[in-house]
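Chemist: Have a look at this one.
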Amino acid sequence: MAACDIAVAFAAVVEKGGESTLAARTFGKLARQQRDSLDCTIVFGASADSTQRKSEVEYWSAEGNTWDLIERLYSLRQQANQSDTSSQSKTTMQTAGANTATTPFTRVQELMAANSLLSEYVEVRRWLEETAPAFQPVETRKGYLFYTRRGAKDRGLLAAESLGSESRTGRIVTEVDPDATSRQKKDLAFEDAEYEASLLRTLYEYVRRGRVGNAMDLCVESDEPWRAASLKGGLFWRDPMLEPENDMPVDAEDGADIVDVRPLHTAGNINRALWKHACAALAHDENNDIYERALYAALSGRLDEAVLVCDTWEDFIWAYVNSMIESYIDQAIMDAGGLYIAAQTSSFDHVQSKYPPINNMGHVFGTIAGHDSSKLQQESNEPFRMLQKALIMDSFSDYLTEFSRKLRDEAIGENELGLLRLVVHAALCLRQLGFSLSNEAISIALNTYIGCLAKGHRELVAAYVSHMPTEEQTESYAQFLQNVLDPFSVRMQLLKLAENHGLDVDTISKRTTELLLRKYTSDQSSQSNNMDTEVSCFVLAEPSEPITEAELGQIRAIEWITSSTRLYEHALVEICKLARRFLLAGRTNAATRLFNSLPDNFVQQDWLKDSLSTASNSDRPSPSRGLMNVRSRHSEHGSDDAIESYFHEYIHLFSLCDAYAYYSTWAESLCKRPVEATNRVARLQVKWLEWKEKIAQVTDHAVQMFRGRLLDIDWLSPQSLAIGETDSGMDMDLHQERIEELVRLRELYIPETVFRLHSILFDTRDAVPQNLKRSLDLAQLVADESLGIYRQLAKASPLHPQGRLFAFMDLMRRSAFEILRIQQESQTDKPPLLVDSTAISSGIV
């Protein structure tokens with residue numbers, strides 16, 4: 001598995017669900033697979049980046065070990081929470097009541113079952129033993145002290161020859177029993193001394209890894225059975241006649257290196273305390289090899305010599321935990337008593353330890369924190385070891401809170417992504433197991449991890465958002481979606497994934513649109529906050545003019561809420577708001593693009609029914625009649641006054657964009673007029689007739705769009721939109737903002753619409769002669785009190801301080817003079833006043 005696929009593999013486990021302890025085991029297995037694959041690359045491929053790969057191997061090894069620790073500890077803690085025997089206080093370390101028929105073996109088993117905290121300590125020790133790095137054991141060698149025995153037999157001749165020094169021969173022991181070196185104060189032969197040192201180190205490394213059985217086997221195979229016997233003295237005394245029928249499984253790692261089978265006879269060491277006293281004495285003797293001292297110190301739970309060979313943070317933790325466990329077990333056996341009486345050790349001079357008794361893991365980590373080794377201090381502050389410390393101390397909740405605080409205050413580095421992934425998945429596992437964790441801290445960690453996934457694994461985001469608190473899911477996924485700029489199909493696929501994971505896609509869609517529109521609105525408002533400034537700079541965009549990136553972003557924002565018919569009513573409101581914003585800036589091209597981007601079935605049948613019903617009660621035509629060819633669907637939310645009002649506004653805005661876009665089509669047709677014909681014969685030519693027919697059709701349609709669908713319907717007036725004093729479901733501020741925007745749109749576009757309609761009629765007077773009179777009849781339309789168009793023309797604005805009524809009057813004069821000119825041309829006698837009406841009308845304009 002490639003390293004980049006680890007996120008996908010972890011997400012697959014999260015989506016699968018199931019028991020959290022099994023999930024932790026699977027996560028650990030994935031980490032170890034990563035480590036093994038990199039390990040093979042280092043061994044079999046001599047690459048230039050081998051150092052980097054070794055670092056990655058160490059990382060994955062640490063992560064795998066951490067998942068192993070999580071599985072071990074929290075399985076125990078979950079069992080303790082569910083067990084009736086867990087009522088015992090974890091802090092007082094109380095033991096079960098004494099029983100005179102209890103053997104040390106049974107007593108230890110009862111203690112382990114009754115004391116969940118001690119069981120955790122044993123599990124920590126087992127974890128430290130099983131995750132210790134591999135080492136190379138010494139080879140077995142037959143023949144105990146072969147070179148020393150041969151030298152003693154030959155009276156030192158062979159030893160002198162091999163060592164090359166006569167003085168060396170005199171320092172070799174003359175006897176080959178195990179105590180000869182201490183008794184004679186002499187050394188072994190060089191080869192034997194070397195082997196013994198390697199053997200003792202190997203024995204210690206086996207014990208360090210909890211493999212006492214392997215250590216004893218090595219002793220026997222190396223012809224040192226007496227040493228194997230010395231290692232076996234730690235077995236607890238047991239008597240099958242005194243053990244209960246429902247015997248609990250034997251924990252071999254707790255010192256009882258006996259298989260889970262009831263022995264036929266008594267077994268173990270009844271004088272275990274005496275054996276530990278002997279081990280302590282051996283460890284205290286400075287004449288012994290340092291690893292021999294550490295070996296017996298570890299077996300007896302003595303710290304003084306065990307820490308002498310500790311090299312890593314794990315070594316120190318193991319030595320301290322081992323000593324603490326041995327201390328508790330010794331005290332439990334002493335308090336229990338029993339039928340069998342062990343040999344008393346009170347007459348011996350006990351070897352005192354310079355270390356105070358270890359009572360809990362807090363004491364262990366506190367002692368290590370105060371150690372003077374800079375290497376140990378550095379290792380203690382490594383991220384994985386800090387996490388492991390929190391897991392052992394059962395303070396993961398505090399660790400998670402502090403970790404999330406750092407995530408909130410600081411940007412996460414590339415080298416911390418792995419730790420973030422581990423913490424996030426550990427938090428999810430532990431929360432599922434029922435352990436109390438801060439929801440806020442989990443949300444911060446999840447959001448940070450989601451931000452990392454968004455850069456390369458967007459398809460996984462929904463799975464993790466679904467694990468956030470319900471009230472935060474919408475905001476988190478919407479924040480993610482607002483940065484997705486892919487094509488519509490890809491964005492809808494991400495929305496579908498959210499639905500598959502149980503997220504509220506409708507609310508998410510609304511929030512995503514809101515965030516995007518707010519983003520672009522804030523950008524625009526930062527550039528211009530003055531309404532008068534906007535109006536004074538008002539310039540109408542050409543239909544062919546491309547839209548800006550910001551406009552495209554806002555149009556695409558609407559696509560989130562038009563992806564589902566359930567959101568069409570909400571989308572209707574947002575579309576009207578965005579279209580108003582575009583039109584207030586003169587961006588009719590952007591508004592047209594917005595309307596063209598909507599689904600074919602966007603207009604609902606219920607909206608049309610309400611609109612037509614309203615129009616039937618009015619003398620004015622309804623532009624919604626032109627929308628009857630859309631597909632219908634019954635609205636799930638029904639139709640109320642607010643939706644009816646917004647649908648009327650939608651029609652009015654759509655009609656404006658449609659009319660202004662068609663104006664360009666009309667202008668193009670007008671420009672295709674044949675070369676100016678100067679006489680009636682030329683005007684009868686085929687090209688002229690064809691153009692005349694075409695322009696007449698286009699003009700009639702344009703007039704219908706500008707007058708019938710805009711001016712005649714009292715465009716965007718509160719009455720035509722059926723807007724009451726307040727809109728249902730909308731607060732007063734939004735209602736007032738809408739009214740103000742509609743008023744500004746009327747001020748901007750009604751005069752422009754009148755002028756364009758006059759241009760359409762006046763400029764086609766040659767092809768359609770009756771249009772000249774129709775252009776003059778616009779005066780009646782403008783003066784119509786019910787429509788109030790003259791008020792919009794007369795209103796002053798920053799762009800037109802004196803209004804536009806005078807400009808309209810000039811157009812009327814121009815139409816009037818043109819009519820007079822044509823009438824004069826048709827008369828034989830021309831009055832002197834109209835000798836050159838064209839010049840007069842041109843001068844007026």
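In the structure tokens, each chain is lettered A, B, ... as it comes, each chain's residues begin at 1, and ligands are numbered from 1 in order of appearance.
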List as JSON, numbers by chain the protein and nucleic acid residues near range 214-220 of chain A, meaning an atom at most 10 Å away when only C-alpha atoms are counted, but skip any in the same chain fewer than 2 places from it.
Modeler: {"A": [137, 138, 139, 140, 141, 142, 199, 200, 202, 203, 204, 205, 206, 207, 210, 211, 212, 222, 223, 224, 225, 226, 227, 228, 229, 230, 231, 232]}
Chemist: Pull N, CA, C and O atoms from the residues just selected and write them as a short mmCIF file (atom, residue, chain, number, x, y, z; two decimals), in the first residue's frame.
Modeler:
```cif
data_model
loop_
_atom_site.label_atom_id
_atom_site.label_comp_id
_atom_site.auth_asym_id
_atom_site.auth_seq_id
_atom_site.Cartn_x
_atom_site.Cartn_y
_atom_site.Cartn_z
N PRO A 137 20.43 -12.03 19.39
CA PRO A 137 20.89 -12.79 20.56
C PRO A 137 22.22 -13.48 20.29
O PRO A 137 22.61 -13.69 19.13
N VAL A 138 22.92 -13.83 21.37
CA VAL A 138 24.19 -14.52 21.24
C VAL A 138 23.95 -15.95 20.78
O VAL A 138 22.90 -16.54 21.04
N GLU A 139 24.92 -16.49 20.08
CA GLU A 139 24.80 -17.88 19.64
C GLU A 139 25.04 -18.81 20.83
O GLU A 139 25.82 -18.52 21.73
N THR A 140 24.33 -19.93 20.79
CA THR A 140 24.53 -20.91 21.86
C THR A 140 25.88 -21.58 21.68
O THR A 140 26.37 -21.75 20.56
N ARG A 141 26.46 -21.94 22.83
CA ARG A 141 27.79 -22.59 22.78
C ARG A 141 27.82 -23.71 23.80
O ARG A 141 27.57 -23.49 24.99
N LYS A 142 28.09 -24.89 23.33
CA LYS A 142 28.18 -26.04 24.21
C LYS A 142 29.53 -26.04 24.94
O LYS A 142 30.53 -25.57 24.40
N LEU A 199 26.35 -13.37 26.65
CA LEU A 199 25.25 -14.20 27.12
C LEU A 199 24.39 -13.44 28.14
O LEU A 199 23.15 -13.43 28.06
N LEU A 200 25.03 -12.76 29.09
CA LEU A 200 24.29 -12.01 30.11
C LEU A 200 23.48 -10.87 29.49
O LEU A 200 22.35 -10.60 29.91
N THR A 202 22.29 -10.89 26.46
CA THR A 202 21.17 -11.51 25.77
C THR A 202 20.08 -11.92 26.75
O THR A 202 18.88 -11.74 26.49
N LEU A 203 20.49 -12.46 27.90
CA LEU A 203 19.50 -12.84 28.91
C LEU A 203 18.70 -11.63 29.39
O LEU A 203 17.48 -11.69 29.55
N TYR A 204 19.40 -10.51 29.60
CA TYR A 204 18.69 -9.30 30.02
C TYR A 204 17.72 -8.83 28.93
O TYR A 204 16.58 -8.45 29.22
N GLU A 205 18.18 -8.85 27.68
CA GLU A 205 17.30 -8.40 26.59
C GLU A 205 16.07 -9.29 26.48
O GLU A 205 14.96 -8.80 26.17
N TYR A 206 16.25 -10.61 26.74
CA TYR A 206 15.08 -11.49 26.73
C TYR A 206 14.11 -11.10 27.86
O TYR A 206 12.89 -11.02 27.65
N VAL A 207 14.64 -10.89 29.05
CA VAL A 207 13.78 -10.51 30.17
C VAL A 207 13.13 -9.15 29.89
O VAL A 207 11.96 -8.94 30.21
N GLY A 210 10.09 -9.65 28.09
CA GLY A 210 9.13 -10.57 28.69
C GLY A 210 9.30 -12.01 28.27
O GLY A 210 8.37 -12.81 28.43
N ARG A 211 10.45 -12.35 27.75
CA ARG A 211 10.69 -13.71 27.23
C ARG A 211 11.62 -14.48 28.17
O ARG A 211 12.71 -14.92 27.81
N VAL A 212 11.14 -14.66 29.41
CA VAL A 212 11.95 -15.37 30.41
C VAL A 212 12.16 -16.81 29.98
O VAL A 212 13.22 -17.40 30.20
N SER A 222 23.28 -23.52 26.53
CA SER A 222 24.68 -23.10 26.68
C SER A 222 25.35 -23.80 27.86
O SER A 222 26.37 -23.34 28.37
N ASP A 223 24.75 -24.91 28.31
CA ASP A 223 25.30 -25.71 29.42
C ASP A 223 25.44 -24.91 30.70
O ASP A 223 26.42 -25.04 31.44
N GLU A 224 24.45 -24.07 30.97
CA GLU A 224 24.41 -23.35 32.24
C GLU A 224 23.02 -23.54 32.87
O GLU A 224 22.29 -22.57 33.09
N PRO A 225 22.63 -24.78 33.14
CA PRO A 225 21.29 -25.03 33.71
C PRO A 225 21.10 -24.39 35.07
O PRO A 225 19.98 -24.04 35.44
N TRP A 226 22.15 -24.23 35.79
CA TRP A 226 22.03 -23.59 37.11
C TRP A 226 21.53 -22.14 36.98
O TRP A 226 20.80 -21.65 37.82
N ARG A 227 21.97 -21.49 35.89
CA ARG A 227 21.50 -20.11 35.70
C ARG A 227 20.03 -20.08 35.30
O ARG A 227 19.28 -19.19 35.70
N ALA A 228 19.62 -21.09 34.53
CA ALA A 228 18.20 -21.19 34.19
C ALA A 228 17.36 -21.37 35.45
O ALA A 228 16.28 -20.79 35.58
N ALA A 229 17.89 -22.17 36.39
CA ALA A 229 17.17 -22.37 37.65
C ALA A 229 17.08 -21.06 38.44
O ALA A 229 16.07 -20.78 39.09
N SER A 230 18.12 -20.26 38.35
CA SER A 230 18.10 -18.99 39.08
C SER A 230 17.08 -18.02 38.49
O SER A 230 16.55 -17.16 39.20
N LEU A 231 16.82 -18.17 37.19
CA LEU A 231 15.82 -17.30 36.57
C LEU A 231 14.40 -17.77 36.86
O LEU A 231 13.46 -16.98 36.82
N LYS A 232 14.25 -19.06 37.17
CA LYS A 232 12.92 -19.63 37.35
C LYS A 232 12.36 -19.42 38.75
O LYS A 232 11.22 -19.76 39.03
#
```
Chemist: Near Gln79 in chain A, within 12 Å and counting only C-alpha atoms, which residues show up once chain neighbours fewer than 2 positions away are dropped, as a list in words?
Modeler: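 The residues that qualify are Thr21, Arg72, Leu73, Tyr74, Ser75, Leu76, Arg77, Asn81, Gln82, Ser83, Asp84, Thr85, Ser86, Ala113, Ala114, Ser116, Leu117, Ser119, Glu120, Leu433 and Gly434 of chain A.
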Chemist: Got time to write the residues from that selection, all heavy atoms, as a compact mmCIF listing (two decimals), in the first residue's frame?
Modeler:
```
# COMPACT_ATOMS: atom_id res chain seq x y z
N THR A 21 -12.60 -1.21 19.38
CA THR A 21 -11.33 -1.88 19.66
C THR A 21 -10.82 -2.63 18.44
O THR A 21 -9.61 -2.69 18.19
CB THR A 21 -11.50 -2.85 20.84
OG1 THR A 21 -12.62 -3.73 20.59
CG2 THR A 21 -11.76 -2.08 22.13
N ARG A 72 -5.06 -2.19 23.81
CA ARG A 72 -4.86 -2.91 25.06
C ARG A 72 -5.53 -2.19 26.24
O ARG A 72 -6.32 -2.79 26.99
CB ARG A 72 -3.36 -3.04 25.35
CG ARG A 72 -2.59 -3.94 24.40
CD ARG A 72 -1.10 -3.78 24.62
NE ARG A 72 -0.28 -4.57 23.71
CZ ARG A 72 0.16 -5.78 23.95
NH1 ARG A 72 -0.14 -6.37 25.10
NH2 ARG A 72 0.90 -6.42 23.07
N LEU A 73 -5.20 -0.91 26.41
CA LEU A 73 -5.66 -0.19 27.60
C LEU A 73 -7.16 0.03 27.60
O LEU A 73 -7.83 -0.17 28.62
CB LEU A 73 -4.93 1.15 27.71
CG LEU A 73 -3.45 1.07 28.07
CD1 LEU A 73 -2.86 2.47 28.16
CD2 LEU A 73 -3.25 0.34 29.39
N TYR A 74 -7.70 0.45 26.46
CA TYR A 74 -9.12 0.81 26.46
C TYR A 74 -10.03 -0.40 26.39
O TYR A 74 -11.20 -0.30 26.73
CB TYR A 74 -9.40 1.82 25.36
CG TYR A 74 -8.90 3.19 25.76
CD1 TYR A 74 -7.62 3.61 25.41
CD2 TYR A 74 -9.68 4.04 26.52
CE1 TYR A 74 -7.13 4.85 25.81
CE2 TYR A 74 -9.21 5.28 26.92
CZ TYR A 74 -7.94 5.68 26.56
OH TYR A 74 -7.48 6.90 26.98
N SER A 75 -9.51 -1.54 25.99
CA SER A 75 -10.28 -2.77 26.13
C SER A 75 -10.43 -3.09 27.61
O SER A 75 -11.52 -3.46 28.09
CB SER A 75 -9.59 -3.92 25.40
OG SER A 75 -9.57 -3.70 24.02
N LEU A 76 -9.32 -2.96 28.36
CA LEU A 76 -9.38 -3.18 29.80
C LEU A 76 -10.29 -2.18 30.49
O LEU A 76 -11.09 -2.54 31.36
CB LEU A 76 -7.97 -3.08 30.39
CG LEU A 76 -7.04 -4.28 30.21
CD1 LEU A 76 -5.67 -3.97 30.78
CD2 LEU A 76 -7.61 -5.52 30.88
N ARG A 77 -10.17 -0.92 30.12
CA ARG A 77 -10.97 0.11 30.77
C ARG A 77 -12.46 -0.05 30.46
O ARG A 77 -13.31 0.21 31.31
CB ARG A 77 -10.48 1.49 30.34
CG ARG A 77 -9.12 1.83 30.94
CD ARG A 77 -8.46 3.03 30.30
NE ARG A 77 -7.14 3.26 30.86
CZ ARG A 77 -6.21 4.07 30.36
NH1 ARG A 77 -6.49 4.76 29.25
NH2 ARG A 77 -5.04 4.20 30.94
N ASN A 81 -15.34 -0.73 33.24
CA ASN A 81 -16.54 0.09 33.37
C ASN A 81 -17.80 -0.75 33.35
O ASN A 81 -18.83 -0.37 33.94
CB ASN A 81 -16.59 1.13 32.25
CG ASN A 81 -15.52 2.18 32.39
OD1 ASN A 81 -14.98 2.41 33.47
ND2 ASN A 81 -15.17 2.84 31.28
N GLN A 82 -17.75 -1.87 32.66
CA GLN A 82 -18.94 -2.71 32.52
C GLN A 82 -19.03 -3.80 33.59
O GLN A 82 -20.07 -4.43 33.75
CB GLN A 82 -18.95 -3.37 31.13
CG GLN A 82 -19.03 -2.37 29.98
CD GLN A 82 -18.86 -3.03 28.63
OE1 GLN A 82 -18.51 -4.20 28.53
NE2 GLN A 82 -19.11 -2.26 27.57
N SER A 83 -17.93 -4.03 34.29
CA SER A 83 -17.89 -5.14 35.25
C SER A 83 -18.42 -4.71 36.61
O SER A 83 -18.24 -3.59 37.06
CB SER A 83 -16.45 -5.64 35.38
OG SER A 83 -16.36 -6.63 36.40
N ASP A 84 -19.08 -5.64 37.27
CA ASP A 84 -19.58 -5.36 38.62
C ASP A 84 -18.46 -5.28 39.63
O ASP A 84 -18.62 -4.67 40.70
CB ASP A 84 -20.56 -6.46 39.05
CG ASP A 84 -21.82 -6.46 38.22
OD1 ASP A 84 -22.16 -5.39 37.68
OD2 ASP A 84 -22.46 -7.52 38.12
N THR A 85 -17.33 -5.88 39.31
CA THR A 85 -16.21 -5.87 40.25
C THR A 85 -15.40 -4.60 40.18
O THR A 85 -14.43 -4.44 40.90
CB THR A 85 -15.28 -7.07 39.95
OG1 THR A 85 -14.79 -6.93 38.61
CG2 THR A 85 -16.03 -8.38 40.10
N SER A 86 -15.79 -3.68 39.27
CA SER A 86 -15.02 -2.46 39.11
C SER A 86 -15.39 -1.39 40.11
O SER A 86 -14.94 -0.26 40.02
CB SER A 86 -15.21 -1.90 37.70
OG SER A 86 -16.56 -1.54 37.52
N ALA A 113 -7.71 -9.63 38.97
CA ALA A 113 -9.11 -9.53 38.58
C ALA A 113 -9.83 -8.41 39.33
O ALA A 113 -10.74 -7.78 38.79
CB ALA A 113 -9.82 -10.86 38.84
N ALA A 114 -9.40 -8.17 40.56
CA ALA A 114 -10.10 -7.18 41.39
C ALA A 114 -9.58 -5.77 41.19
O ALA A 114 -10.30 -4.81 41.43
CB ALA A 114 -9.97 -7.58 42.87
N SER A 116 -8.39 -3.16 38.67
CA SER A 116 -8.29 -2.83 37.24
C SER A 116 -7.07 -1.98 36.94
O SER A 116 -6.49 -2.07 35.85
CB SER A 116 -9.55 -2.12 36.78
OG SER A 116 -9.76 -0.93 37.54
N LEU A 117 -6.66 -1.14 37.90
CA LEU A 117 -5.51 -0.27 37.65
C LEU A 117 -4.22 -1.07 37.58
O LEU A 117 -3.37 -0.82 36.72
CB LEU A 117 -5.42 0.79 38.74
CG LEU A 117 -4.42 1.92 38.49
CD1 LEU A 117 -4.71 2.61 37.16
CD2 LEU A 117 -4.46 2.94 39.62
N SER A 119 -4.10 -4.13 36.64
CA SER A 119 -4.17 -4.83 35.36
C SER A 119 -3.67 -3.93 34.23
O SER A 119 -3.00 -4.40 33.30
CB SER A 119 -5.61 -5.26 35.08
OG SER A 119 -6.06 -6.16 36.06
N GLU A 120 -3.99 -2.63 34.30
CA GLU A 120 -3.49 -1.70 33.30
C GLU A 120 -1.96 -1.61 33.34
O GLU A 120 -1.30 -1.58 32.30
CB GLU A 120 -4.10 -0.32 33.51
CG GLU A 120 -5.56 -0.22 33.14
CD GLU A 120 -6.08 1.20 33.25
OE1 GLU A 120 -5.25 2.14 33.28
OE2 GLU A 120 -7.31 1.38 33.32
N LEU A 433 -16.55 4.15 22.17
CA LEU A 433 -16.52 3.23 23.31
C LEU A 433 -17.22 3.81 24.54
O LEU A 433 -17.42 3.09 25.52
CB LEU A 433 -15.06 2.89 23.66
CG LEU A 433 -14.33 1.95 22.70
CD1 LEU A 433 -12.87 1.85 23.07
CD2 LEU A 433 -14.98 0.58 22.71
N GLY A 434 -17.56 5.07 24.49
CA GLY A 434 -18.28 5.67 25.60
C GLY A 434 -17.44 6.51 26.53
O GLY A 434 -17.94 6.96 27.58
```
Chemist: Hey, which of A:Gln482, A:Ser720, A:Ser669, A:Asn589 ends up closest to Ile651 in chain A? Count only C-alpha atoms.
Modeler: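 Nearest to Ile651 in chain A: A:Ser720.
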Chemist: Nearest to Tyr477 in chain A among A:Glu379, A:Glu741, A:Asp504, A:Asp700, with distances taken over only C-alpha atoms: which residue is it?
Modeler: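 Looking only at the distances to Tyr477 in chain A, the closest residue turns out to be A:Asp504.
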Chemist: Find, counting only C-alpha atoms, the residue in A:Phe538, A:Tyr147, A:Trp607, A:Tyr121 that gets nearest to Ile329 in chain A.
Modeler: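 The closest residue to Ile329 in chain A is A:Tyr121.
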Chemist: Write out as a PyMOL selection string which residues come within 6 Å of range 786-803 of chain A when counting only C-alpha atoms, dropping same-chain ones fewer than 3 positions away.
Modeler: chain A and resi 536+714+747+751+782-783
Chemist: In Å, with one decimal, what is the gap from CA of Lys29 in chain A to CA of Leu128 in chain A?
Modeler: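 Between these atoms lies a distance of 17.6 Å.
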Chemist: CA of Arg405 in chain A and CA of Thr507 in chain A are how many Å apart?
Modeler: 28.7 Å
Chemist: Rounded to one decimal, what separation in Å do you get between CA of Arg587 in chain A and CA of Pro487 in chain A?
Modeler: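 Here the two named atoms are 23.7 Å from each other.
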